[in-house]
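What's in coords_2.cif: mmCIF, C-alpha atoms and all ligand atoms
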data_data
#
loop_
_atom_site.label_atom_id
_atom_site.label_comp_id
_atom_site.auth_asym_id
_atom_site.auth_seq_id
_atom_site.Cartn_x
_atom_site.Cartn_y
_atom_site.Cartn_z
CA MET A 1 6.96 245.47 290.18
CA ASN A 2 4.34 242.71 290.32
CA ILE A 3 0.97 243.84 291.63
CA ALA A 4 1.48 241.80 294.83
CA GLY A 5 4.40 244.10 295.59
CA TYR A 6 1.88 246.91 295.99
CA GLY A 7 -0.23 244.89 298.44
CA ASN A 8 -0.36 246.08 302.03
CA GLN A 9 2.64 244.67 303.87
CA TRP A 10 0.50 243.27 306.69
CA VAL A 11 -1.62 241.38 304.15
CA CYS A 12 1.48 239.98 302.42
CA ASP A 13 2.76 238.89 305.88
CA LEU A 14 -0.34 236.82 306.54
CA VAL A 15 -0.10 233.03 306.64
CA PRO A 16 -3.51 231.80 305.41
CA TYR A 17 -5.76 229.92 307.83
CA GLU A 18 -5.71 226.16 307.25
CA PRO A 19 -9.16 224.70 307.82
CA GLY A 20 -9.93 221.04 308.50
CA LYS A 21 -9.77 219.00 305.30
CA PRO A 22 -13.23 218.78 303.69
CA ILE A 23 -14.85 215.36 303.20
CA GLU A 24 -15.48 215.84 299.44
CA GLU A 25 -11.87 216.83 298.76
CA THR A 26 -10.56 213.85 300.73
CA ALA A 27 -12.91 211.50 298.86
CA ARG A 28 -11.69 212.83 295.48
CA GLU A 29 -8.04 212.48 296.46
CA LEU A 30 -8.37 208.97 297.86
CA GLY A 31 -10.93 207.69 295.36
CA LEU A 32 -13.24 206.87 298.25
CA ASN A 33 -16.97 207.27 298.68
CA PRO A 34 -17.71 210.47 300.69
CA GLY A 35 -20.10 208.39 302.81
CA ASP A 36 -17.17 206.26 304.03
CA ILE A 37 -15.18 209.22 305.29
CA ILE A 38 -15.45 210.57 308.79
CA LYS A 39 -14.41 214.07 309.68
CA LEU A 40 -13.24 214.63 313.23
CA ALA A 41 -11.29 217.74 312.34
CA SER A 42 -13.37 220.89 312.88
CA ASN A 43 -15.27 220.36 316.15
CA GLU A 44 -18.56 220.04 314.28
CA ASN A 45 -21.67 218.41 315.74
CA PRO A 46 -21.62 214.67 314.83
CA LEU A 47 -25.40 214.49 315.35
CA GLY A 48 -25.99 217.07 312.61
CA PRO A 49 -27.93 220.32 312.74
CA SER A 50 -30.80 220.91 315.14
CA PRO A 51 -33.93 219.42 313.46
CA LYS A 52 -35.94 222.47 314.53
CA ALA A 53 -33.38 224.73 312.87
CA LYS A 54 -33.58 222.67 309.68
CA LYS A 55 -37.33 223.11 309.51
CA ALA A 56 -37.13 226.85 310.13
CA MET A 57 -34.44 227.27 307.47
CA VAL A 58 -36.41 225.37 304.83
CA ALA A 59 -39.39 227.65 305.50
CA GLU A 60 -37.17 230.74 305.29
CA ILE A 61 -35.95 229.78 301.80
CA GLU A 62 -39.34 230.90 300.44
CA LYS A 63 -38.21 234.44 301.21
CA ALA A 64 -34.75 234.12 299.67
CA HIS A 65 -35.49 236.93 297.20
CA LEU A 66 -35.67 239.45 300.09
CA TYR A 67 -32.70 240.97 301.88
CA PRO A 68 -32.29 239.77 305.47
CA ASP A 69 -33.29 241.88 308.46
CA GLY A 70 -29.96 243.67 308.76
CA GLY A 71 -30.85 244.65 312.32
CA GLY A 72 -31.44 241.00 313.26
CA TYR A 73 -34.47 241.99 315.35
CA ARG A 74 -35.97 238.60 316.22
CA LEU A 75 -32.73 236.73 316.85
CA ARG A 76 -31.12 239.55 318.83
CA SER A 77 -34.25 239.95 320.95
CA ALA A 78 -34.29 236.23 321.74
CA LEU A 79 -30.57 236.24 322.58
CA ALA A 80 -30.91 239.35 324.77
CA GLU A 81 -33.66 237.63 326.73
CA LYS A 82 -31.70 234.39 327.02
CA HIS A 83 -28.64 236.17 328.41
CA GLY A 84 -30.37 238.79 330.53
CA VAL A 85 -28.91 241.74 328.63
CA ALA A 86 -30.41 244.51 326.50
CA PHE A 87 -31.12 244.21 322.78
CA GLU A 88 -28.34 246.70 321.97
CA ASN A 89 -25.80 244.50 323.76
CA ILE A 90 -26.06 241.79 321.05
CA VAL A 91 -24.12 241.99 317.77
CA LEU A 92 -24.60 239.29 315.13
CA GLY A 93 -21.69 238.01 313.09
CA ASN A 94 -21.04 235.87 310.03
CA GLY A 95 -19.76 233.25 312.42
CA SER A 96 -18.16 234.41 315.66
CA ASN A 97 -15.01 234.68 313.56
CA GLU A 98 -16.51 237.82 312.12
CA ILE A 99 -16.98 239.26 315.62
CA ILE A 100 -13.22 238.75 316.11
CA GLU A 101 -12.63 240.65 312.87
CA LEU A 102 -15.05 243.45 313.80
CA LEU A 103 -13.29 243.90 317.15
CA CYS A 104 -9.99 244.17 315.32
CA HIS A 105 -11.50 246.60 312.77
CA SER A 106 -12.70 248.75 315.62
CA PHE A 107 -9.59 248.76 317.79
CA LEU A 108 -6.44 247.65 315.95
CA LYS A 109 -3.91 249.50 313.79
CA PRO A 110 -0.12 249.59 313.56
CA GLY A 111 1.38 250.50 316.92
CA VAL A 112 -1.28 248.93 319.14
CA SER A 113 -1.38 245.35 320.40
CA LEU A 114 -3.57 242.32 320.92
CA ILE A 115 -2.73 239.85 323.70
CA ALA A 116 -3.51 236.12 323.60
CA ALA A 117 -2.18 232.89 325.09
CA GLU A 118 0.64 230.94 323.47
CA HIS A 119 -1.62 228.10 322.32
CA ALA A 120 -4.73 230.20 321.71
CA PHE A 121 -7.10 229.89 318.76
CA VAL A 122 -4.98 230.86 315.73
CA VAL A 123 -7.48 233.33 314.24
CA TYR A 124 -6.52 236.00 316.84
CA LYS A 125 -2.99 236.09 315.50
CA LEU A 126 -4.18 236.17 311.89
CA MET A 127 -6.41 239.14 312.62
CA ALA A 128 -3.76 241.06 314.56
CA THR A 129 -1.43 240.59 311.57
CA LEU A 130 -4.14 241.62 309.10
CA PHE A 131 -4.59 244.94 310.87
CA GLY A 132 -0.84 245.58 311.20
CA ALA A 133 -1.01 245.40 315.02
CA ASP A 134 1.46 243.74 317.39
CA TYR A 135 0.58 240.28 318.63
CA ILE A 136 1.70 239.56 322.18
CA GLU A 137 1.78 235.88 323.06
CA VAL A 138 1.73 234.96 326.74
CA PRO A 139 3.01 231.53 327.91
CA ASP A 140 0.30 229.10 329.07
CA PRO A 141 1.94 226.54 331.38
CA GLY A 142 0.18 223.16 331.14
CA PHE A 143 -1.79 224.63 328.19
CA VAL A 144 -3.94 226.68 330.61
CA HIS A 145 -4.33 230.44 330.04
CA ASP A 146 -2.35 232.33 332.69
CA LEU A 147 -4.64 235.31 333.24
CA ASP A 148 -2.33 236.93 335.80
CA ALA A 149 0.51 236.89 333.26
CA MET A 150 -1.84 238.17 330.55
CA LEU A 151 -2.81 241.09 332.78
CA GLU A 152 0.89 241.77 333.41
CA ALA A 153 1.52 241.84 329.65
CA ILE A 154 -0.88 244.74 329.07
CA THR A 155 0.82 247.96 327.98
CA PRO A 156 -0.62 251.43 327.31
CA GLU A 157 -0.83 250.36 323.62
CA THR A 158 -2.85 247.19 324.27
CA ARG A 159 -6.46 247.31 323.05
CA LEU A 160 -7.69 243.69 323.05
CA VAL A 161 -7.05 240.64 325.23
CA PHE A 162 -8.50 237.36 323.92
CA ILE A 163 -9.38 234.58 326.34
CA ALA A 164 -10.76 231.45 324.68
CA ASN A 165 -12.70 229.63 327.37
CA PRO A 166 -12.52 226.71 326.86
CA ASN A 167 -9.61 227.22 324.51
CA ASN A 168 -9.24 225.60 321.10
CA PRO A 169 -7.10 223.51 320.41
CA THR A 170 -6.24 222.68 324.03
CA GLY A 171 -9.73 222.25 325.56
CA THR A 172 -8.60 223.88 328.81
CA LEU A 173 -10.75 226.19 330.95
CA VAL A 174 -10.07 229.08 333.32
CA GLY A 175 -12.40 229.42 336.29
CA GLN A 176 -14.44 232.21 337.84
CA GLU A 177 -11.83 233.16 340.42
CA GLU A 178 -9.14 233.77 337.81
CA ILE A 179 -11.61 235.70 335.64
CA ASP A 180 -12.71 237.88 338.57
CA ARG A 181 -9.11 238.66 339.51
CA PHE A 182 -8.32 239.47 335.88
CA MET A 183 -11.34 241.75 335.56
CA SER A 184 -10.54 243.60 338.77
CA GLY A 185 -7.14 244.54 337.31
CA LEU A 186 -8.24 245.29 333.74
CA PRO A 187 -7.47 248.89 332.76
CA ASP A 188 -10.07 251.02 330.94
CA HIS A 189 -8.21 251.23 327.62
CA VAL A 190 -8.50 247.46 327.00
CA VAL A 191 -11.43 245.25 325.93
CA ALA A 192 -11.44 241.72 327.40
CA VAL A 193 -12.82 239.24 324.88
CA PHE A 194 -14.10 235.92 326.18
CA ASP A 195 -14.45 233.50 323.27
CA GLU A 196 -16.98 230.94 324.49
CA ALA A 197 -17.51 228.86 321.33
CA TYR A 198 -17.77 225.67 323.43
CA HIS A 199 -19.83 227.07 326.30
CA GLU A 200 -22.70 224.56 325.89
CA PHE A 201 -20.37 221.65 326.68
CA LEU A 202 -19.47 222.97 330.15
CA GLU A 203 -21.01 221.52 333.26
CA ASP A 204 -20.17 224.31 335.64
CA ALA A 205 -19.49 227.28 333.40
CA PRO A 206 -17.89 230.47 334.68
CA ASP A 207 -19.92 233.63 334.00
CA ALA A 208 -18.29 236.43 332.03
CA ILE A 209 -21.57 238.01 330.84
CA ARG A 210 -22.05 239.54 334.29
CA TYR A 211 -19.31 242.00 333.36
CA VAL A 212 -21.25 243.09 330.28
CA ARG A 213 -24.25 243.74 332.55
CA GLU A 214 -21.94 245.81 334.78
CA GLY A 215 -21.00 247.93 331.77
CA ARG A 216 -17.35 246.84 331.68
CA ASN A 217 -15.31 246.73 328.45
CA VAL A 218 -16.02 243.08 327.77
CA CYS A 219 -17.17 241.13 324.73
CA VAL A 220 -18.37 237.56 325.19
CA MET A 221 -18.54 235.61 321.93
CA ARG A 222 -20.78 232.64 321.23
CA THR A 223 -21.43 230.65 318.07
CA PHE A 224 -24.03 228.37 316.49
CA SER A 225 -21.27 226.42 314.73
CA LYS A 226 -20.47 223.93 317.46
CA ALA A 227 -23.18 222.52 319.79
CA GLN A 228 -26.05 223.74 317.56
CA GLY A 229 -24.51 222.16 314.48
CA LEU A 230 -24.93 225.14 312.13
CA SER A 231 -21.30 225.63 311.01
CA ALA A 232 -22.25 225.92 307.33
CA LEU A 233 -24.60 228.81 308.02
CA ARG A 234 -21.93 231.08 309.49
CA ILE A 235 -23.67 232.63 312.44
CA GLY A 236 -22.33 233.73 315.80
CA TYR A 237 -22.64 236.76 318.07
CA GLY A 238 -21.02 239.03 320.58
CA ILE A 239 -22.53 240.08 323.89
CA THR A 240 -20.93 243.40 324.74
CA SER A 241 -21.35 246.88 326.20
CA SER A 242 -23.51 249.22 324.11
CA GLU A 243 -20.43 251.37 323.52
CA VAL A 244 -18.42 248.49 322.00
CA ALA A 245 -21.54 247.23 320.17
CA GLY A 246 -21.85 250.67 318.56
CA LEU A 247 -18.35 250.35 317.14
CA LEU A 248 -18.88 246.77 315.94
CA ASN A 249 -22.11 247.76 314.21
CA ARG A 250 -20.30 250.54 312.35
CA SER A 251 -17.60 248.07 311.27
CA ARG A 252 -19.88 245.37 309.89
CA GLN A 253 -21.53 245.03 306.49
CA PRO A 254 -25.27 245.82 306.50
CA PHE A 255 -26.38 242.22 305.86
CA ASN A 256 -23.54 240.27 307.46
CA ALA A 257 -25.85 237.67 309.06
CA ASN A 258 -27.95 236.04 306.35
CA ALA A 259 -31.67 235.38 306.71
CA ILE A 260 -31.51 231.57 306.56
CA ALA A 261 -28.87 231.57 309.29
CA GLN A 262 -30.89 233.96 311.46
CA ALA A 263 -33.97 231.75 311.12
CA GLY A 264 -31.99 228.59 311.87
CA ALA A 265 -30.28 230.14 314.87
CA LEU A 266 -33.56 231.41 316.31
CA ALA A 267 -35.04 227.91 316.16
CA ALA A 268 -31.84 226.29 317.44
CA ILE A 269 -31.77 228.22 320.71
CA GLN A 270 -35.20 226.75 321.47
CA ASP A 271 -34.12 223.19 320.63
CA GLU A 272 -33.03 222.05 324.07
CA GLU A 273 -33.55 218.42 323.17
CA HIS A 274 -30.88 218.59 320.48
CA ILE A 275 -28.42 220.39 322.74
CA THR A 276 -28.98 217.86 325.51
CA ALA A 277 -28.41 214.92 323.14
CA THR A 278 -25.32 216.65 321.73
CA VAL A 279 -23.81 217.31 325.15
CA LYS A 280 -24.51 213.74 326.30
CA ASN A 281 -22.96 212.19 323.16
CA ASN A 282 -19.96 214.44 323.64
CA ALA A 283 -19.42 213.61 327.31
CA GLU A 284 -19.56 209.88 326.52
CA GLY A 285 -17.24 210.21 323.52
CA LEU A 286 -14.76 212.30 325.43
CA ARG A 287 -14.73 209.74 328.24
CA PHE A 288 -14.19 206.96 325.67
CA PHE A 289 -11.13 208.65 324.15
CA GLU A 290 -9.63 209.88 327.42
CA THR A 291 -9.99 206.46 329.07
CA ALA A 292 -8.42 204.77 326.04
CA PHE A 293 -5.53 207.26 325.92
CA ALA A 294 -4.86 206.81 329.65
CA GLU A 295 -4.84 203.01 329.25
CA ARG A 296 -2.28 203.31 326.47
CA SER A 297 -0.24 205.91 328.37
CA TRP A 298 -0.68 208.42 325.55
CA GLU A 299 -0.32 211.95 326.88
CA PHE A 300 -3.49 214.02 326.41
CA VAL A 301 -4.91 217.32 327.66
CA PRO A 302 -8.10 216.73 329.70
CA SER A 303 -10.77 218.56 327.71
CA HIS A 304 -13.77 220.73 328.58
CA ALA A 305 -14.88 220.96 324.94
CA ASN A 306 -15.89 218.66 322.06
CA PHE A 307 -12.37 217.66 321.02
CA VAL A 308 -9.24 216.31 322.63
CA LEU A 309 -5.57 217.00 322.05
CA VAL A 310 -3.37 213.89 322.17
CA ASN A 311 0.39 213.43 321.86
CA VAL A 312 1.06 210.79 319.19
CA GLY A 313 4.80 211.42 318.75
CA ASP A 314 4.57 212.52 315.12
CA GLY A 315 1.32 214.36 314.43
CA ASP A 316 1.84 214.59 310.66
CA ARG A 317 2.40 210.83 310.38
CA ILE A 318 -0.74 209.97 312.33
CA PHE A 319 -2.75 212.58 310.42
CA SER A 320 -1.67 211.06 307.07
CA GLY A 321 -2.09 207.49 308.29
CA LEU A 322 -5.63 208.15 309.47
CA LEU A 323 -6.43 210.11 306.30
CA LYS A 324 -5.56 207.08 304.16
CA LYS A 325 -8.21 205.18 306.13
CA GLY A 326 -10.76 207.92 305.49
CA ILE A 327 -10.52 209.54 308.92
CA ILE A 328 -9.79 213.26 308.97
CA VAL A 329 -8.28 214.67 312.18
CA ARG A 330 -6.24 217.83 312.68
CA ALA A 331 -2.44 217.91 312.73
CA MET A 332 -1.12 220.58 315.09
CA ARG A 333 2.14 221.73 313.50
CA GLY A 334 0.55 225.13 312.79
CA TYR A 335 0.13 225.54 316.55
CA LYS A 336 3.78 224.61 317.13
CA LEU A 337 2.63 221.24 318.51
CA PRO A 338 4.10 218.86 315.90
CA GLU A 339 3.78 215.82 318.19
CA TRP A 340 0.04 216.26 318.71
CA VAL A 341 -3.22 215.75 316.85
CA ARG A 342 -6.60 217.19 317.78
CA ILE A 343 -9.55 214.84 317.46
CA SER A 344 -13.14 216.11 317.47
CA ILE A 345 -15.58 213.86 319.32
CA GLY A 346 -17.79 211.93 316.88
CA THR A 347 -20.56 209.37 317.23
CA PRO A 348 -19.67 206.20 319.21
CA ASP A 349 -19.02 204.32 315.91
CA GLN A 350 -16.80 207.05 314.53
CA ASN A 351 -14.83 207.28 317.79
CA ALA A 352 -14.29 203.51 317.88
CA ARG A 353 -13.14 203.44 314.24
CA CYS A 354 -10.72 206.30 314.86
CA LEU A 355 -9.22 204.68 317.96
CA SER A 356 -8.83 201.32 316.26
CA GLU A 357 -6.93 202.89 313.34
CA MET A 358 -4.77 204.86 315.80
CA ASP A 359 -3.95 201.58 317.55
CA LYS A 360 -2.76 200.09 314.26
CA LEU A 361 -0.60 203.12 313.52
CA LEU A 362 0.87 203.50 316.97
CA THR A 363 1.49 199.95 318.11
CA SER A 364 2.91 198.46 314.87
C1 LIG B 1 -14.91 227.22 316.27
C2 LIG B 1 -14.44 228.41 317.00
C3 LIG B 1 -14.98 229.67 316.78
C4 LIG B 1 -16.17 229.90 315.94
O1 LIG B 1 -16.20 229.91 314.71
P1 LIG B 1 -17.43 230.41 313.85
O2 LIG B 1 -16.84 231.50 313.06
O3 LIG B 1 -18.52 230.88 314.76
O4 LIG B 1 -17.80 229.21 313.07
C5 LIG B 1 -14.55 230.75 317.53
N1 LIG B 1 -13.61 230.59 318.45
C6 LIG B 1 -13.08 229.40 318.72
C7 LIG B 1 -12.09 229.29 319.81
C8 LIG B 1 -13.46 228.28 317.99
O5 LIG B 1 -12.90 227.11 318.24
#
I'd like the structure from this file rewritten - as structure tokens, please.
Ligand SMILES: *Cc1c(COP(=O)(O)O)cnc(C)c1O
Amino acid sequence: MNIAGYGNQWVCDLVPYEPGKPIEETARELGLNPGDIIKLASNENPLGPSPKAKKAMVAEIEKAHLYPDGGGYRLRSALAEKHGVAFENIVLGNGSNEIIELLCHSFLKPGVSLIAAEHAFVVYKLMATLFGADYIEVPDPGFVHDLDAMLEAITPETRLVFIANPNNPTGTLVGQEEIDRFMSGLPDHVVAVFDEAYHEFLEDAPDAIRYVREGRNVCVMRTFSKAQGLSALRIGYGITSSEVAGLLNRSRQPFNANAIAQAGALAAIQDEEHITATVKNNAEGLRFFETAFAERSWEFVPSHANFVLVNVGDGDRIFSGLLKKGIIVRAMRGYKLPEWVRISIGTPDQNARCLSEMDKLLTS
């Protein structure tokens, strides 16, 4: 038998995650200059990283010969203060993706289940598969999480329920009332995970952290990859009960959050100017796209995040057509939405160039 035949079945079953196409790779394939390519495919910050974070990271490089603070003292203290929770309620991750993995490490195995919405962030399904657990997908009418139905779907074997709020790739949000009703019905053998990667873009954000303060089985995840523009650094965190945090800390590698990332993140949370500019650029860009789509009668999902999902008839065709013009967006076949593409909000110039190329592809 080939060695792969001895691999764990649940690993063999895994369909690898397909990230947004990198700029350098696209440039090589098309023979274009990387500077002429725009990437609106991974919900990154089009204004770049926080300048304060950049400065802090450059300074931190002087200490690159030393292992990071594995306990993340300074960053966790700052985050605890920011969120009004205790130091031990914060767990750092190599991106918030790692927090997802640590939760699965801690709670999943064959025979137990993870619940998520039908069009939820695809990493939840990958992780459930990786740990040999059952993945229960709950319909989300109108692309909005149906928390009542998700509560109904819980069985004695369920350990994790993931609620991406706002969700990626749909950009939809569930409100405080739904969250409160969900939490009042949540049984004690289940952890509710609120994935809030796009929290900074919300005007009137619901509060799930209050349930951590109340000692409930909740993990709220945040990341520095989106509004703070530090995707390359891989840093995110969970805000969770000390009991769950204890399990996550046992599951993680000792130095999972690197020192440069910790320094950058610490500076980024103090850079309100950058966040404000980012949120403003995003609101304007989102309005630009949504107005244009409405004018053209292209179906779209009104978004609360830094991207928008739009029905273009044949997502693969529009993805390839835009790619040839040096514009990278995300085709949605992997999410069982073959008619749709997801476009991350860019700078005003990037947005205008993307729309104009879409016009050529869709009206000819
Ligand atoms: C982008 C994203 C993440 C975060 O990824 P990182 O690992 O922190 O870069 C998590 N959840 C959702 C829903 C996302 O869209």
How close does chain A get to ligand LIG 1 (chain B)? List, as a tab-separated table, each residue of chain A within 6 Å, its nearest atom pair and the distance in Å to one decimal, counting all atoms listed in the file.
residue	atom	partner	partner_atom	distance
A:Gly95	CA	B:LIG1	O2	3.5
A:Ser96	CA	B:LIG1	O3	3.7
A:Asn97	CA	B:LIG1	O2	3.7
A:Phe121	CA	B:LIG1	C7	5.1
A:Ala164	CA	B:LIG1	C7	5.5
A:Asn167	CA	B:LIG1	C7	5.7
A:Asn168	CA	B:LIG1	C7	4.8
A:Asp195	CA	B:LIG1	N1	5.7
A:Ala197	CA	B:LIG1	N1	5.1
A:Thr223	CA	B:LIG1	O3	4.4
A:Ser225	CA	B:LIG1	O4	4.8
A:Ser231	CA	B:LIG1	O4	5.4
A:Arg234	CA	B:LIG1	O4	5.8
A:Ile235	CA	B:LIG1	O3	5.9
A:Gly236	CA	B:LIG1	O3	4.9
**Asked** What does the distance between atom CA of A:Phe182 and atom CA of A:Ser251 come to in Å, to one decimal place?
**Response**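 About the pair atom CA of A:Phe182 and atom CA of A:Ser251: they are 27.7 Å apart.
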**Item:** Residue nearest A:Gly20 - candidates A:Ile115, A:Phe319, A:Arg216, A:Leu103, atoms counted: only C-alpha atoms
**Value:**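 Using only C-alpha atoms, the shortest distance to A:Gly20 belongs to A:Phe319.
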**Asked** Which protein, DNA or RNA residues have an atom at most 12 Å from (-20.4, 251.9, 321.7), counting only C-alpha atoms? List them as a PyMOL selection string.
**Response** chain A and resi 88-91+103+106-107+191+215-219+240-251
**Request:** Name all residues at most 12 Å from A:Ser320 (count only C-alpha atoms; drop same-chain ones fewer than 2 positions away) and give them as an MDAnalysis selection string.
**Result:** chainID A and resid 21 26 30 314:318 322:331 341 357:358 361
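Using all atoms listed in the file, the shortest contact distance between A:Ala64 and any of A:Ala261, A:Met150, A:Val11, A:Ile275 is found at A:Ala261.
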Closest pair table for stretch 148-250 of chain A residues within 6 Å of stretch 35-45 of chain A, all atoms listed in the file, as JSON lines:
{"residue": "A:Lys226", "atom": "CA", "partner": "A:Glu44", "partner_atom": "CA", "distance": 5.4}
{"residue": "A:Ala227", "atom": "CA", "partner": "A:Asn45", "partner_atom": "CA", "distance": 6.0}
{"residue": "A:Gly229", "atom": "CA", "partner": "A:Asn45", "partner_atom": "CA", "distance": 4.9}
**Message:** Between atom CA of A:Asp349 and atom CA of A:Glu272, what distance in Å does the model show, to one decimal?
**Reply:** 24.0 Å
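Using only C-alpha atoms for every distance, the candidate list A:Thr291, A:Asn311, A:Asn256, A:Thr347 yields A:Thr347 as the residue closest to A:Val279.
One finds atom CA of A:Ser184 at 12.8 Å from atom CA of A:Glu152.
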**Prompt:** Which neighbours of A:Glu299 fall inside 8 Å, counting only C-alpha atoms, when residues of the same chain fewer than 2 positions from it are skipped, and could you give them as number ranges by chain?
**Reply:** A: 293-294, 297, 301, 310-312
**Shell of 10 Å around A:Met183, only C-alpha atoms, local chain residues under 4 positions omitted, as an NGL selection string** = :A and (147 or 151 or 177-179 or 187 or 192 or 208 or 211 or 216-218)
Counting only C-alpha atoms, I want the residues whose atoms come within 12 Å of (-27.9, 233.5, 304.2) in the file frame, returned as a PDB file with C-alpha atoms, in the coordinates of the input.
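Below is the file selection-v6.pdb, written as the result:
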ATOM      1  CA  MET A  57     -34.440 227.270 307.470  1.00  0.00           C
ATOM      2  CA  VAL A  58     -36.410 225.370 304.830  1.00  0.00           C
ATOM      3  CA  GLU A  60     -37.170 230.740 305.290  1.00  0.00           C
ATOM      4  CA  ILE A  61     -35.950 229.780 301.800  1.00  0.00           C
ATOM      5  CA  LYS A  63     -38.210 234.440 301.210  1.00  0.00           C
ATOM      6  CA  ALA A  64     -34.750 234.120 299.670  1.00  0.00           C
ATOM      7  CA  HIS A  65     -35.490 236.930 297.200  1.00  0.00           C
ATOM      8  CA  LEU A  66     -35.670 239.450 300.090  1.00  0.00           C
ATOM      9  CA  TYR A  67     -32.700 240.970 301.880  1.00  0.00           C
ATOM     10  CA  PRO A  68     -32.290 239.770 305.470  1.00  0.00           C
ATOM     11  CA  ASP A  69     -33.290 241.880 308.460  1.00  0.00           C
ATOM     12  CA  GLY A  70     -29.960 243.670 308.760  1.00  0.00           C
ATOM     13  CA  GLY A  93     -21.690 238.010 313.090  1.00  0.00           C
ATOM     14  CA  ASN A  94     -21.040 235.870 310.030  1.00  0.00           C
ATOM     15  CA  GLY A  95     -19.760 233.250 312.420  1.00  0.00           C
ATOM     16  CA  LEU A 230     -24.930 225.140 312.130  1.00  0.00           C
ATOM     17  CA  ALA A 232     -22.250 225.920 307.330  1.00  0.00           C
ATOM     18  CA  LEU A 233     -24.600 228.810 308.020  1.00  0.00           C
ATOM     19  CA  ARG A 234     -21.930 231.080 309.490  1.00  0.00           C
ATOM     20  CA  ILE A 235     -23.670 232.630 312.440  1.00  0.00           C
ATOM     21  CA  PHE A 255     -26.380 242.220 305.860  1.00  0.00           C
ATOM     22  CA  ASN A 256     -23.540 240.270 307.460  1.00  0.00           C
ATOM     23  CA  ALA A 257     -25.850 237.670 309.060  1.00  0.00           C
ATOM     24  CA  ASN A 258     -27.950 236.040 306.350  1.00  0.00           C
ATOM     25  CA  ALA A 259     -31.670 235.380 306.710  1.00  0.00           C
ATOM     26  CA  ILE A 260     -31.510 231.570 306.560  1.00  0.00           C
ATOM     27  CA  ALA A 261     -28.870 231.570 309.290  1.00  0.00           C
ATOM     28  CA  GLN A 262     -30.890 233.960 311.460  1.00  0.00           C
ATOM     29  CA  ALA A 263     -33.970 231.750 311.120  1.00  0.00           C
ATOM     30  CA  GLY A 264     -31.990 228.590 311.870  1.00  0.00           C
ATOM     31  CA  ALA A 265     -30.280 230.140 314.870  1.00  0.00           C
TER      32      ALA A 265
END
**Item:** For A:Ile345, the nearest of the candidates A:Leu47, A:Leu130, A:Ser77, A:Glu273, counting only C-alpha atoms
**Value:** A:Leu47
Would you save stretch 234-245 of chain A to a file, keeping C-alpha atoms, as an mmCIF file, in the first residue's frame?
data_model
loop_
_atom_site.group_PDB
_atom_site.id
_atom_site.type_symbol
_atom_site.label_atom_id
_atom_site.label_comp_id
_atom_site.auth_asym_id
_atom_site.auth_seq_id
_atom_site.Cartn_x
_atom_site.Cartn_y
_atom_site.Cartn_z
ATOM 1 C CA ARG A 234 -0.860 35.778 11.568
ATOM 2 C CA ILE A 235 -2.236 37.068 14.822
ATOM 3 C CA GLY A 236 -5.701 36.793 16.317
ATOM 4 C CA TYR A 237 -7.219 35.922 19.682
ATOM 5 C CA GLY A 238 -10.062 34.374 21.580
ATOM 6 C CA ILE A 239 -11.902 35.977 24.486
ATOM 7 C CA THR A 240 -13.284 33.114 26.521
ATOM 8 C CA SER A 241 -14.050 31.706 29.972
ATOM 9 C CA SER A 242 -10.966 30.795 32.020
ATOM 10 C CA GLU A 243 -12.057 27.158 31.836
ATOM 11 C CA VAL A 244 -12.087 27.103 28.016
ATOM 12 C CA ALA A 245 -8.925 29.248 27.923
#
